[in-house]
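Asker: So that you have it, the file is my_file-v9.cif, and it contains mmCIF, C-alpha atoms:
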data_structure
loop_
_atom_site.label_atom_id
_atom_site.label_comp_id
_atom_site.auth_asym_id
_atom_site.auth_seq_id
_atom_site.Cartn_x
_atom_site.Cartn_y
_atom_site.Cartn_z
CA MET A 22 -15.70 -23.94 -3.62
CA LYS A 23 -15.56 -21.64 -6.62
CA ILE A 24 -13.72 -22.23 -9.89
CA GLN A 25 -11.73 -19.27 -11.20
CA LEU A 26 -10.92 -19.66 -14.90
CA ALA A 27 -7.45 -18.22 -15.60
CA LEU A 28 -7.03 -16.84 -19.14
CA ASP A 29 -3.39 -16.56 -20.15
CA ARG A 30 -1.12 -16.69 -23.22
CA MET A 31 -3.85 -16.28 -25.82
CA THR A 32 -5.43 -13.63 -28.02
CA MET A 33 -8.46 -11.67 -26.79
CA GLU A 34 -10.56 -13.48 -29.41
CA GLU A 35 -9.53 -16.83 -27.93
CA ALA A 36 -10.15 -15.56 -24.38
CA ILE A 37 -13.67 -14.43 -25.26
CA GLN A 38 -14.44 -17.60 -27.21
CA ILE A 39 -13.25 -19.98 -24.47
CA THR A 40 -15.03 -18.00 -21.74
CA GLY A 41 -18.23 -18.15 -23.76
CA GLN A 42 -17.92 -21.95 -23.98
CA VAL A 43 -17.13 -22.63 -20.34
CA GLN A 44 -18.98 -19.89 -18.44
CA PRO A 45 -21.82 -22.15 -17.19
CA PHE A 46 -19.22 -24.30 -15.39
CA VAL A 47 -16.97 -21.66 -13.80
CA ASP A 48 -17.60 -18.92 -11.23
CA TRP A 49 -14.90 -16.27 -11.55
CA ILE A 50 -13.07 -15.19 -14.72
CA GLU A 51 -9.42 -14.15 -14.38
CA VAL A 52 -7.85 -11.79 -16.89
CA GLY A 53 -4.33 -13.26 -16.67
CA THR A 54 -1.19 -11.15 -16.20
CA SER A 55 -0.07 -12.02 -19.72
CA LEU A 56 -3.31 -10.63 -21.21
CA ILE A 57 -2.99 -7.41 -19.18
CA LYS A 58 0.66 -6.88 -20.17
CA GLU A 59 -0.03 -7.72 -23.82
CA PHE A 60 -3.35 -5.91 -24.34
CA GLY A 61 -3.57 -3.49 -21.41
CA MET A 62 -6.88 -2.58 -19.76
CA ASP A 63 -8.68 -3.30 -23.05
CA SER A 64 -8.46 -6.95 -21.97
CA VAL A 65 -10.43 -6.24 -18.77
CA ARG A 66 -12.94 -4.02 -20.57
CA ALA A 67 -13.54 -6.62 -23.32
CA LEU A 68 -14.29 -9.44 -20.86
CA ARG A 69 -16.37 -7.13 -18.65
CA SER A 70 -18.51 -6.09 -21.60
CA ARG A 71 -19.02 -9.65 -22.89
CA PHE A 72 -19.63 -11.24 -19.47
CA PRO A 73 -21.31 -8.53 -17.38
CA ASP A 74 -22.59 -10.90 -14.68
CA LYS A 75 -19.38 -12.80 -13.93
CA CYS A 76 -17.00 -11.87 -11.11
CA LEU A 77 -13.92 -10.60 -12.96
CA VAL A 78 -10.40 -10.87 -11.50
CA ALA A 79 -7.63 -8.64 -12.88
CA ASP A 80 -4.37 -10.52 -12.22
CA VAL A 81 -2.39 -7.29 -12.37
CA LYS A 82 0.27 -8.54 -9.86
CA THR A 83 0.85 -5.05 -8.44
CA PHE A 84 4.26 -4.52 -6.81
CA ASP A 85 4.26 -0.70 -6.68
CA ASN A 86 2.05 2.22 -7.76
CA ALA A 87 -0.83 0.55 -5.95
CA ALA A 88 -3.52 3.23 -6.08
CA TYR A 89 -2.98 3.95 -9.77
CA GLU A 90 -3.01 0.29 -10.83
CA PHE A 91 -5.95 -0.73 -8.65
CA ASP A 92 -8.04 2.32 -9.66
CA MET A 93 -7.24 1.43 -13.29
CA CYS A 94 -8.40 -2.19 -12.89
CA PHE A 95 -11.62 -1.34 -11.03
CA SER A 96 -12.44 1.46 -13.46
CA ALA A 97 -12.01 -1.02 -16.33
CA GLY A 98 -14.58 -3.31 -14.69
CA ALA A 99 -12.67 -5.72 -12.44
CA ASP A 100 -14.30 -6.95 -9.21
CA VAL A 101 -11.03 -8.30 -7.76
CA ALA A 102 -7.40 -7.27 -8.38
CA THR A 103 -4.17 -8.98 -7.31
CA VAL A 104 -1.13 -7.65 -5.45
CA MET A 105 2.08 -9.58 -4.78
CA GLY A 106 2.57 -10.74 -1.19
CA ALA A 107 6.29 -10.02 -1.69
CA ALA A 108 5.64 -6.30 -2.31
CA PRO A 109 6.27 -3.64 0.35
CA LEU A 110 3.51 -3.62 2.99
CA VAL A 111 2.72 0.01 2.17
CA THR A 112 1.78 -1.14 -1.35
CA ILE A 113 -0.42 -4.00 -0.15
CA GLU A 114 -2.15 -1.77 2.39
CA THR A 115 -2.82 0.85 -0.28
CA CYS A 116 -4.40 -1.86 -2.46
CA ILE A 117 -6.69 -2.82 0.43
CA GLU A 118 -7.69 0.83 0.97
CA VAL A 119 -8.40 1.42 -2.72
CA ALA A 120 -10.42 -1.78 -3.03
CA ALA A 121 -12.51 -0.84 0.03
CA LYS A 122 -13.17 2.59 -1.48
CA HIS A 123 -14.46 0.92 -4.67
CA GLY A 124 -16.35 -1.81 -2.76
CA LYS A 125 -14.11 -4.40 -4.47
CA GLN A 126 -11.79 -7.21 -3.35
CA VAL A 127 -8.04 -7.79 -3.06
CA MET A 128 -6.33 -11.09 -3.76
CA ILE A 129 -2.80 -11.36 -2.35
CA ASP A 130 -0.62 -13.64 -4.49
CA LEU A 131 1.73 -15.42 -2.08
CA LEU A 132 4.17 -16.56 -4.79
CA HIS A 133 7.71 -16.40 -3.33
CA THR A 134 6.62 -14.35 -0.31
CA PRO A 135 9.22 -14.56 2.48
CA GLU A 136 8.21 -16.18 5.77
CA ALA A 137 8.48 -12.98 7.83
CA GLN A 138 6.27 -11.15 5.38
CA LEU A 139 3.67 -13.97 5.47
CA GLN A 140 3.32 -13.37 9.18
CA ALA A 141 2.71 -9.65 8.63
CA LEU A 142 0.14 -10.41 5.92
CA ALA A 143 -1.75 -12.80 8.21
CA THR A 144 -3.12 -9.78 10.12
CA TYR A 145 -5.12 -8.61 7.10
CA GLU A 146 -8.83 -9.42 7.03
CA GLU A 147 -11.15 -9.14 4.05
CA VAL A 148 -8.58 -10.31 1.51
CA VAL A 149 -8.20 -13.55 -0.42
CA PHE A 150 -4.82 -15.26 0.00
CA CYS A 151 -3.66 -17.08 -3.11
CA VAL A 152 -1.23 -19.96 -2.55
CA HIS A 153 0.52 -20.23 -5.86
CA VAL A 154 3.04 -22.47 -7.63
CA SER A 155 4.31 -20.34 -10.50
CA LYS A 156 4.24 -21.17 -14.20
CA ASP A 157 8.05 -21.03 -14.28
CA GLU A 158 8.35 -23.40 -11.32
CA GLN A 159 5.93 -25.80 -13.02
CA GLU A 160 7.66 -25.70 -16.38
CA LYS A 161 11.27 -25.75 -15.29
CA ARG A 162 10.85 -28.37 -12.60
CA ASP A 163 9.03 -31.64 -12.69
CA ARG A 164 5.38 -30.73 -13.16
CA GLN A 165 4.04 -33.28 -10.71
CA GLN A 166 6.57 -32.27 -8.08
CA SER A 167 5.40 -28.65 -8.43
CA ALA A 168 1.76 -29.63 -8.04
CA ASP A 169 2.78 -31.60 -4.95
CA GLN A 170 4.07 -28.38 -3.41
CA LEU A 171 0.58 -26.97 -3.00
CA PRO A 172 -0.61 -29.29 -0.19
CA HIS A 173 2.71 -28.61 1.56
CA MET A 174 2.32 -24.84 1.24
CA LEU A 175 -1.22 -25.13 2.52
CA LYS A 176 -0.11 -26.48 5.87
CA ARG A 177 0.63 -22.98 7.12
CA PHE A 178 -3.04 -22.14 6.61
CA ASP A 179 -4.31 -24.94 8.86
CA GLY A 180 -6.85 -23.56 11.30
CA ARG A 181 -7.11 -20.36 9.32
CA LYS A 182 -10.18 -18.22 8.99
CA LYS A 183 -8.83 -16.58 5.84
CA LYS A 184 -10.31 -16.81 2.39
CA LEU A 185 -7.99 -19.04 0.39
CA ALA A 186 -7.36 -19.55 -3.32
CA LEU A 187 -5.07 -22.14 -4.87
CA ALA A 188 -3.25 -21.78 -8.19
CA GLY A 189 -0.59 -23.54 -10.20
CA GLY A 190 -1.10 -26.34 -12.67
CA ILE A 191 -4.27 -27.64 -10.99
CA ASN A 192 -5.99 -30.44 -12.92
CA LEU A 193 -8.24 -33.43 -12.32
CA ASP A 194 -5.27 -35.48 -11.05
CA SER A 195 -4.24 -32.97 -8.39
CA LEU A 196 -7.76 -31.93 -7.35
CA PRO A 197 -8.45 -34.76 -4.85
CA SER A 198 -5.49 -33.87 -2.62
CA LEU A 199 -6.11 -30.12 -2.91
CA ILE A 200 -9.76 -29.97 -1.99
CA ARG A 201 -8.99 -31.52 1.39
CA ALA A 202 -7.63 -28.08 2.34
CA ARG A 203 -11.11 -26.68 1.57
CA PRO A 204 -9.96 -23.70 -0.48
CA ASP A 205 -12.61 -21.09 -1.28
CA ILE A 206 -11.36 -20.71 -4.85
CA LEU A 207 -9.58 -23.09 -7.22
CA ILE A 208 -7.78 -21.25 -9.99
CA ILE A 209 -7.63 -23.40 -13.11
CA GLY A 210 -5.98 -22.39 -16.37
CA THR A 211 -4.58 -24.75 -18.99
CA ALA A 212 -6.47 -27.81 -17.66
CA ILE A 213 -9.51 -26.05 -19.13
CA THR A 214 -8.18 -23.60 -21.73
CA ARG A 215 -5.85 -26.10 -23.47
CA ALA A 216 -8.26 -29.04 -23.26
CA THR A 217 -9.49 -30.47 -26.56
CA ASP A 218 -13.00 -29.61 -25.35
CA PRO A 219 -12.76 -26.76 -22.79
CA ALA A 220 -16.48 -26.90 -21.89
CA ASP A 221 -16.28 -30.63 -21.24
CA ALA A 222 -13.13 -30.18 -19.11
CA ALA A 223 -14.76 -27.41 -17.04
CA ARG A 224 -17.97 -29.41 -16.61
CA THR A 225 -16.05 -32.48 -15.43
CA ILE A 226 -14.13 -30.41 -12.86
CA GLN A 227 -17.32 -28.73 -11.66
CA GLU A 228 -19.07 -32.09 -11.31
CA PHE A 229 -16.13 -33.52 -9.39
CA LEU A 230 -16.22 -30.58 -6.94
CA ASN A 231 -19.99 -30.84 -6.54
CA SER A 232 -19.86 -34.57 -5.84
CA SER A 233 -16.97 -34.14 -3.35
CA GLN A 234 -18.87 -31.46 -1.49
CA LYS A 235 -22.02 -33.59 -1.37
CA GLY A 236 -19.97 -36.52 -0.08
CA GLU A 237 -18.44 -34.28 2.55
CA ASN A 238 -21.84 -32.98 3.67
CA SER A 239 -23.27 -36.49 3.92
CA HIS A 240 -20.35 -37.46 6.22
CA ALA A 241 -20.87 -34.38 8.39
CA MET B 19 26.41 7.96 -16.44
CA LYS B 20 23.26 7.55 -18.52
CA ILE B 21 19.88 9.14 -17.91
CA GLN B 22 16.88 6.79 -18.28
CA LEU B 23 13.64 8.73 -18.74
CA ALA B 24 10.79 6.90 -16.96
CA LEU B 25 7.37 7.43 -18.56
CA ASP B 26 4.54 6.63 -16.16
CA ARG B 27 0.94 7.58 -15.38
CA MET B 28 0.22 9.38 -18.64
CA THR B 29 -1.46 8.81 -21.99
CA MET B 30 0.57 7.50 -24.95
CA GLU B 31 0.14 10.91 -26.61
CA GLU B 32 1.76 12.58 -23.59
CA ALA B 33 4.51 9.94 -23.49
CA ILE B 34 5.39 10.51 -27.14
CA GLN B 35 5.17 14.29 -26.84
CA ILE B 36 7.41 14.49 -23.74
CA THR B 37 9.94 12.04 -25.20
CA GLY B 38 10.09 14.13 -28.36
CA GLN B 39 10.88 17.24 -26.29
CA VAL B 40 13.55 15.71 -24.05
CA GLN B 41 15.23 13.10 -26.23
CA PRO B 42 18.40 15.12 -26.90
CA PHE B 43 19.09 15.21 -23.14
CA VAL B 44 18.34 11.60 -22.13
CA ASP B 45 19.91 8.27 -23.12
CA TRP B 46 17.43 5.47 -22.42
CA ILE B 47 13.61 5.64 -22.62
CA GLU B 48 11.63 3.55 -20.14
CA VAL B 49 8.10 2.44 -20.96
CA GLY B 50 6.82 2.47 -17.36
CA THR B 51 4.89 -0.39 -15.77
CA SER B 52 1.76 1.76 -15.67
CA LEU B 53 1.91 2.32 -19.45
CA ILE B 54 2.40 -1.40 -20.10
CA LYS B 55 -0.49 -2.41 -17.83
CA GLU B 56 -2.77 0.30 -19.23
CA PHE B 57 -1.93 0.08 -22.95
CA GLY B 58 -0.21 -3.30 -23.31
CA MET B 59 2.60 -3.89 -25.81
CA ASP B 60 1.18 -1.12 -28.02
CA SER B 61 2.99 1.24 -25.62
CA VAL B 62 6.36 -0.36 -26.43
CA ARG B 63 5.64 -0.53 -30.17
CA ALA B 64 4.55 3.14 -30.29
CA LEU B 65 7.72 4.41 -28.61
CA ARG B 66 9.90 2.04 -30.65
CA SER B 67 8.41 3.30 -33.89
CA ARG B 68 8.71 7.00 -32.95
CA PHE B 69 12.21 6.76 -31.45
CA PRO B 70 13.97 4.01 -33.42
CA ASP B 71 17.48 4.96 -32.29
CA LYS B 72 16.91 5.15 -28.53
CA CYS B 73 17.60 2.30 -26.13
CA LEU B 74 14.10 1.28 -25.00
CA VAL B 75 13.46 -0.26 -21.56
CA ALA B 76 10.22 -2.20 -20.96
CA ASP B 77 9.57 -1.97 -17.22
CA VAL B 78 7.44 -5.11 -17.32
CA LYS B 79 8.36 -6.15 -13.72
CA THR B 80 8.14 -9.86 -14.51
CA PHE B 81 7.45 -12.11 -11.52
CA ASP B 82 6.43 -15.30 -13.38
CA ASN B 83 5.90 -16.47 -16.97
CA ALA B 84 9.36 -15.16 -17.78
CA ALA B 85 9.91 -16.49 -21.31
CA TYR B 86 6.49 -15.37 -22.54
CA GLU B 87 6.75 -11.87 -21.10
CA PHE B 88 10.36 -11.27 -22.13
CA ASP B 89 9.78 -12.61 -25.67
CA MET B 90 6.75 -10.31 -25.87
CA CYS B 91 8.75 -7.22 -24.82
CA PHE B 92 11.68 -7.88 -27.14
CA SER B 93 9.38 -8.70 -30.05
CA ALA B 94 7.61 -5.37 -29.46
CA GLY B 95 10.96 -3.58 -29.77
CA ALA B 96 12.41 -3.32 -26.26
CA ASP B 97 16.20 -3.45 -25.79
CA VAL B 98 16.00 -4.05 -22.04
CA ALA B 99 13.27 -5.65 -19.90
CA THR B 100 12.88 -5.75 -16.13
CA VAL B 101 12.32 -8.66 -13.73
CA MET B 102 11.70 -8.38 -9.99
CA GLY B 103 14.62 -9.37 -7.77
CA ALA B 104 12.03 -10.81 -5.35
CA ALA B 105 10.79 -13.33 -7.96
CA PRO B 106 11.77 -17.02 -7.86
CA LEU B 107 15.35 -17.55 -9.13
CA VAL B 108 14.05 -19.87 -11.87
CA THR B 109 12.11 -16.89 -13.26
CA ILE B 110 15.08 -14.51 -13.14
CA GLU B 111 17.36 -17.09 -14.74
CA THR B 112 14.83 -17.68 -17.53
CA CYS B 113 14.75 -13.92 -18.18
CA ILE B 114 18.55 -13.92 -18.49
CA GLU B 115 18.44 -16.86 -20.93
CA VAL B 116 15.71 -15.28 -23.08
CA ALA B 117 17.50 -11.92 -23.17
CA ALA B 118 20.76 -13.61 -24.22
CA LYS B 119 18.92 -15.43 -27.01
CA HIS B 120 17.58 -12.10 -28.29
CA GLY B 121 20.90 -10.28 -27.75
CA LYS B 122 19.10 -7.97 -25.28
CA GLN B 123 19.56 -6.93 -21.66
CA VAL B 124 17.96 -7.73 -18.29
CA MET B 125 17.46 -5.19 -15.52
CA ILE B 126 16.76 -6.71 -12.09
CA ASP B 127 14.58 -4.43 -9.99
CA LEU B 128 15.75 -4.88 -6.39
CA LEU B 129 12.64 -3.33 -4.85
CA HIS B 130 11.86 -5.22 -1.61
CA THR B 131 14.22 -8.08 -2.43
CA PRO B 132 15.08 -10.07 0.71
CA GLU B 133 18.71 -10.09 1.89
CA ALA B 134 19.25 -13.81 1.21
CA GLN B 135 17.96 -13.43 -2.33
CA LEU B 136 20.25 -10.41 -2.93
CA GLN B 137 23.21 -12.66 -2.20
CA ALA B 138 22.00 -15.22 -4.74
CA LEU B 139 21.46 -12.51 -7.36
CA ALA B 140 24.97 -11.14 -6.86
CA THR B 141 26.35 -14.14 -8.78
CA TYR B 142 24.69 -13.00 -12.01
CA GLU B 143 26.86 -11.20 -14.54
CA GLU B 144 25.66 -9.27 -17.57
CA VAL B 145 22.61 -7.81 -15.85
CA VAL B 146 21.83 -4.31 -14.60
CA PHE B 147 20.86 -4.12 -10.91
CA CYS B 148 18.31 -1.43 -10.17
CA VAL B 149 18.30 -0.09 -6.62
CA HIS B 150 14.82 1.28 -6.25
CA VAL B 151 12.74 3.25 -3.74
CA SER B 152 9.16 2.59 -4.81
CA LYS B 153 6.51 5.15 -5.72
CA ASP B 154 4.36 3.96 -2.82
CA GLU B 155 7.24 4.29 -0.36
CA GLN B 156 7.90 7.81 -1.65
CA GLU B 157 4.28 8.91 -1.51
CA LYS B 158 3.20 7.32 1.75
CA ARG B 159 6.33 8.21 3.69
CA ASP B 160 8.18 11.47 3.85
CA ARG B 161 9.48 12.05 0.35
CA GLN B 162 12.89 13.30 1.43
CA GLN B 163 13.32 10.39 3.85
CA SER B 164 12.63 7.98 0.97
CA ALA B 165 15.17 9.65 -1.29
CA ASP B 166 17.66 9.39 1.59
CA GLN B 167 17.24 5.61 1.52
CA LEU B 168 19.04 5.30 -1.81
CA PRO B 169 22.58 6.15 -0.61
CA HIS B 170 22.00 3.75 2.31
CA MET B 171 20.83 0.94 -0.01
CA LEU B 172 23.84 1.57 -2.20
CA LYS B 173 26.30 0.67 0.51
CA ARG B 174 25.85 -3.02 -0.22
CA PHE B 175 27.18 -2.38 -3.73
CA ASP B 176 30.47 -0.85 -2.55
CA GLY B 177 33.35 -2.40 -4.40
CA ARG B 178 30.96 -3.93 -6.90
CA LYS B 179 31.74 -4.60 -10.52
CA LYS B 180 28.04 -4.78 -11.37
CA LYS B 181 26.13 -2.45 -13.64
CA LEU B 182 23.99 -0.31 -11.38
CA ALA B 183 20.86 1.77 -11.94
CA LEU B 184 19.17 3.99 -9.36
CA ALA B 185 15.48 4.84 -9.26
CA GLY B 186 12.98 6.48 -6.97
CA GLY B 187 12.11 10.15 -6.84
CA ILE B 188 15.52 11.28 -8.10
CA ASN B 189 15.73 15.03 -8.73
CA LEU B 190 18.30 17.84 -8.79
CA ASP B 191 18.32 17.99 -4.98
CA SER B 192 19.12 14.32 -4.49
CA LEU B 193 21.53 13.98 -7.44
CA PRO B 194 24.72 15.23 -5.70
CA SER B 195 24.61 12.51 -3.01
CA LEU B 196 23.63 9.79 -5.50
CA ILE B 197 26.27 10.29 -8.13
CA ARG B 198 29.01 9.64 -5.57
CA ALA B 199 28.00 5.95 -5.90
CA ARG B 200 28.85 6.22 -9.63
CA PRO B 201 25.73 4.48 -10.92
CA ASP B 202 25.75 3.56 -14.60
CA ILE B 203 22.15 4.67 -15.04
CA LEU B 204 20.01 7.26 -13.26
CA ILE B 205 16.31 6.63 -13.75
CA ILE B 206 14.39 9.90 -13.64
CA GLY B 207 10.63 10.24 -13.98
CA THR B 208 8.50 13.05 -12.60
CA ALA B 209 11.46 15.44 -12.09
CA ILE B 210 11.42 15.63 -15.90
CA THR B 211 7.93 14.55 -16.99
CA ARG B 212 6.04 16.77 -14.48
CA ALA B 213 8.37 19.77 -14.83
CA THR B 214 6.82 22.95 -16.23
CA ASP B 215 9.41 22.69 -19.01
CA PRO B 216 10.47 19.01 -19.37
CA ALA B 217 13.22 19.78 -21.92
CA ASP B 218 14.74 22.41 -19.66
CA ALA B 219 14.60 20.06 -16.66
CA ALA B 220 16.28 17.25 -18.61
CA ARG B 221 18.93 19.61 -20.00
CA THR B 222 19.73 20.93 -16.51
CA ILE B 223 20.14 17.40 -15.14
CA GLN B 224 22.30 16.38 -18.09
CA GLU B 225 24.52 19.45 -17.67
CA PHE B 226 24.86 18.76 -13.95
CA LEU B 227 25.99 15.19 -14.66
CA ASN B 228 28.41 16.30 -17.37
CA SER B 229 29.99 18.95 -15.14
CA SER B 230 30.29 16.49 -12.21
CA GLN B 231 31.99 13.93 -14.41
CA LYS B 232 34.40 16.56 -15.78
CA GLY B 233 35.20 17.65 -12.22
CA GLU B 234 35.82 14.05 -11.28
CA ASN B 235 38.11 13.43 -14.25
CA SER B 236 40.15 16.58 -13.56
CA HIS B 237 40.72 15.36 -9.98
CA ALA B 238 41.81 11.95 -11.21
#
Would you mind giving the structure from this file in structure tokens?
Answerer:
Amino acid sequence: MKIQLALDRMTMEEAIQITGQVQPFVDWIEVGTSLIKEFGMDSVRALRSRFPDKCLVADVKTFDNAAYEFDMCFSAGADVATVMGAAPLVTIETCIEVAAKHGKQVMIDLLHTPEAQLQALATYEEVVFCVHVSKDEQEKRDRQQSADQLPHMLKRFDGRKKKLALAGGINLDSLPSLIRARPDILIIGTAITRATDPADAARTIQEFLNSSQKGENSHA
Amino acid sequence: MKIQLALDRMTMEEAIQITGQVQPFVDWIEVGTSLIKEFGMDSVRALRSRFPDKCLVADVKTFDNAAYEFDMCFSAGADVATVMGAAPLVTIETCIEVAAKHGKQVMIDLLHTPEAQLQALATYEEVVFCVHVSKDEQEKRDRQQSADQLPHMLKRFDGRKKKLALAGGINLDSLPSLIRARPDILIIGTAITRATDPADAARTIQEFLNSSQKGENSHA
């Protein structure tokens, strides 16, 4: 189970500083949509250049213009780029083609993806599906209720062989119920980036995941 | 009927140069999604500072994090910002609230918006609905077939009192069938920006619209 650190709503200086503090305790680094829209591809290039060995996710949330946007992200140094599950299938399929050409990965963000479209997406191999409770849903509804949506949304992935990521207000309180779904990637933002001590928060989460996985293995 | 010039897939120098050439013949200037994702809010600020009197549209295609993204676009100088019709309603409603607070406008991009969601969106007043055939749909399908989708998509807006924009490969060939729907805004990109003479292309389109509207008035 990997931890993907989501960097959002901050300056590039803050993003670089926090990543420097927490990088021993996280696996993937996500350049959040808000950084891309505020600072452009400079945001991807800056994190690539400072952290050359980390897997870098460009949360570009492509909805159209797939080849151009994905080429742009991979050229700037991203290893993974995101496309919206709600986008036209021709867009998502173009993202998959472009990523394959670059030897990179696609993450499909399932936020507000209609049921019929989810079924079409399920045929894709070699992508990461991201089950996602949005920032706006978290902030405008009851936060706990939003976090509670994740286990519910996960039910459709029971018995899956897909790579799965989870995102949306994940913190130490919600972790225990979420890891039962055995996601491949846990995307964690403010629970680390807004913590008084981001390195301590990331270390605690990493230790919790390690101890859960050990416990699981010893029961196997 | 206004012309919105869509600037996409180019450098900021090209965007500023083309806008300078065509500005007498277009009404609104759109900072395309590709410019925002490549150059960040600098793209909006650069066009705002060079063309202080033009209505500036930030095609930010918000899908989450509505308040942050819309505040960012309006603070950078945009007069209009876009949100995806396929996004959660809480996101679209937050965009409308933030725009009202700034005294600015929301354009809802209806690209791949499910039918049930379209019905929910129809209750919103004071927004511009953008009926949109995507770049990927245009490029991966037959181009003419994609342009032919627009009149079909427009049928659902018959009898509407909504502000309507049309986008997607619009050019002089497709204009005659499109203007029958009396859109408020025609969004035109490559038919101007990739023309051998962008100013001449924009002038020709403007003259066509003016003569059609005169013809219409004289029949009234």
Asker: Which residues, protein or nucleic acid, reach to within 9 Å of (25.2, -10.4, -5.0) in the file's coordinates when using only C-alpha atoms, and can you give that as a PyMOL selection string?
Answerer: chain B and resi 135-142+174-175+178+180
Asker: Using all atoms listed in the file, which residue out of B:Arg212, B:Ile197, B:Leu182, B:Pro106 lies closest to Asp82 (chain B)?
Answerer: B:Pro106
Asker: Residues of chain A that have any atom at most 10 Å from an atom of chain B: could you tabulate them with the shortest-distance atom pair and the distance in Å to one decimal, using all atoms listed in the file, ordered by chain and increasing number, as a Markdown table?
Answerer:
| residue | atom | partner | partner_atom | distance |
| --- | --- | --- | --- | --- |
| A:Asp29 | CA | B:Asn83 | CA | 9.8 |
| A:Arg30 | CA | B:Tyr86 | CA | 7.8 |
| A:Thr54 | CA | B:Asn83 | CA | 8.9 |
| A:Ser55 | CA | B:Glu87 | CA | 7.0 |
| A:Leu56 | CA | B:Gly58 | CA | 8.2 |
| A:Ile57 | CA | B:Lys55 | CA | 5.8 |
| A:Lys58 | CA | B:Gly58 | CA | 4.8 |
| A:Glu59 | CA | B:Gly58 | CA | 4.5 |
| A:Phe60 | CA | B:Gly58 | CA | 4.2 |
| A:Gly61 | CA | B:Gly58 | CA | 3.9 |
| A:Met62 | CA | B:Glu56 | CA | 5.0 |
| A:Asp63 | CA | B:Phe57 | CA | 7.5 |
| A:Ser64 | CA | B:Gly58 | CA | 9.1 |
| A:Val81 | CA | B:Lys55 | CA | 7.6 |
| A:Lys82 | CA | B:Phe81 | CA | 8.2 |
| A:Thr83 | CA | B:Lys79 | CA | 9.2 |
| A:Phe84 | CA | B:Lys79 | CA | 8.2 |
| A:Asp85 | CA | B:Asp154 | CA | 6.1 |
| A:Asn86 | CA | B:Lys153 | CA | 5.7 |
| A:Ala87 | CA | B:Asp154 | CA | 7.0 |
| A:Ala88 | CA | B:Asp154 | CA | 8.6 |
| A:Tyr89 | CA | B:Arg27 | CA | 7.7 |
| A:Glu90 | CA | B:Ser52 | CA | 7.0 |
| A:Met93 | CA | B:Glu56 | CA | 7.5 |
| A:Cys94 | CA | B:Glu56 | CA | 8.8 |
| A:Ala97 | CA | B:Glu56 | CA | 9.8 |
| A:Met105 | CA | B:Phe81 | CA | 9.0 |
| A:Ala107 | CA | B:Ala104 | CA | 6.9 |
| A:Ala108 | CA | B:His130 | CA | 6.4 |
| A:Pro109 | CA | B:His130 | CA | 6.1 |
| A:Leu110 | CA | B:Glu155 | CA | 9.4 |
| A:Val111 | CA | B:Asp154 | CA | 6.6 |
| A:Thr112 | CA | B:Asp154 | CA | 5.9 |
| A:Ile113 | CA | B:Asp154 | CA | 9.7 |
| A:Thr115 | CA | B:Asp154 | CA | 8.2 |
| A:Leu132 | CA | B:Ala105 | CA | 8.0 |
| A:His133 | CA | B:Pro106 | CA | 6.1 |
| A:Thr134 | CA | B:Ala104 | CA | 8.2 |
| A:Pro135 | CA | B:Pro132 | CA | 7.6 |
| A:Val154 | CA | B:Asp82 | CA | 9.8 |
| A:Ser155 | CA | B:Asp82 | CA | 6.2 |
| A:Lys156 | CA | B:Asn83 | CA | 5.7 |
| A:Asp157 | CA | B:Asn83 | CA | 5.7 |
| A:Glu158 | CA | B:Val108 | CA | 6.7 |
| A:Glu160 | CA | B:Asn83 | CA | 9.4 |
| A:Lys161 | CA | B:Val108 | CA | 7.3 |
| A:Arg162 | CA | B:Val108 | CA | 9.1 |
Asker: Those same residues - C-alpha atoms - I'd like them written as a short mmCIF file (atom, residue, chain, number, x, y, z; two decimals), keeping the file's coordinate frame.
Answerer:
data_model
loop_
_atom_site.label_atom_id
_atom_site.label_comp_id
_atom_site.auth_asym_id
_atom_site.auth_seq_id
_atom_site.Cartn_x
_atom_site.Cartn_y
_atom_site.Cartn_z
CA ASP A 29 -3.39 -16.56 -20.15
CA ARG A 30 -1.12 -16.69 -23.22
CA THR A 54 -1.19 -11.15 -16.20
CA SER A 55 -0.07 -12.02 -19.72
CA LEU A 56 -3.31 -10.63 -21.21
CA ILE A 57 -2.99 -7.41 -19.18
CA LYS A 58 0.66 -6.88 -20.17
CA GLU A 59 -0.03 -7.72 -23.82
CA PHE A 60 -3.35 -5.91 -24.34
CA GLY A 61 -3.57 -3.49 -21.41
CA MET A 62 -6.88 -2.58 -19.76
CA ASP A 63 -8.68 -3.30 -23.05
CA SER A 64 -8.46 -6.95 -21.97
CA VAL A 81 -2.39 -7.29 -12.37
CA LYS A 82 0.27 -8.54 -9.86
CA THR A 83 0.85 -5.05 -8.44
CA PHE A 84 4.26 -4.52 -6.81
CA ASP A 85 4.26 -0.70 -6.68
CA ASN A 86 2.05 2.22 -7.76
CA ALA A 87 -0.83 0.55 -5.95
CA ALA A 88 -3.52 3.23 -6.08
CA TYR A 89 -2.98 3.95 -9.77
CA GLU A 90 -3.01 0.29 -10.83
CA MET A 93 -7.24 1.43 -13.29
CA CYS A 94 -8.40 -2.19 -12.89
CA ALA A 97 -12.01 -1.02 -16.33
CA MET A 105 2.08 -9.58 -4.78
CA ALA A 107 6.29 -10.02 -1.69
CA ALA A 108 5.64 -6.30 -2.31
CA PRO A 109 6.27 -3.64 0.35
CA LEU A 110 3.51 -3.62 2.99
CA VAL A 111 2.72 0.01 2.17
CA THR A 112 1.78 -1.14 -1.35
CA ILE A 113 -0.42 -4.00 -0.15
CA THR A 115 -2.82 0.85 -0.28
CA LEU A 132 4.17 -16.56 -4.79
CA HIS A 133 7.71 -16.40 -3.33
CA THR A 134 6.62 -14.35 -0.31
CA PRO A 135 9.22 -14.56 2.48
CA VAL A 154 3.04 -22.47 -7.63
CA SER A 155 4.31 -20.34 -10.50
CA LYS A 156 4.24 -21.17 -14.20
CA ASP A 157 8.05 -21.03 -14.28
CA GLU A 158 8.35 -23.40 -11.32
CA GLU A 160 7.66 -25.70 -16.38
CA LYS A 161 11.27 -25.75 -15.29
CA ARG A 162 10.85 -28.37 -12.60
#
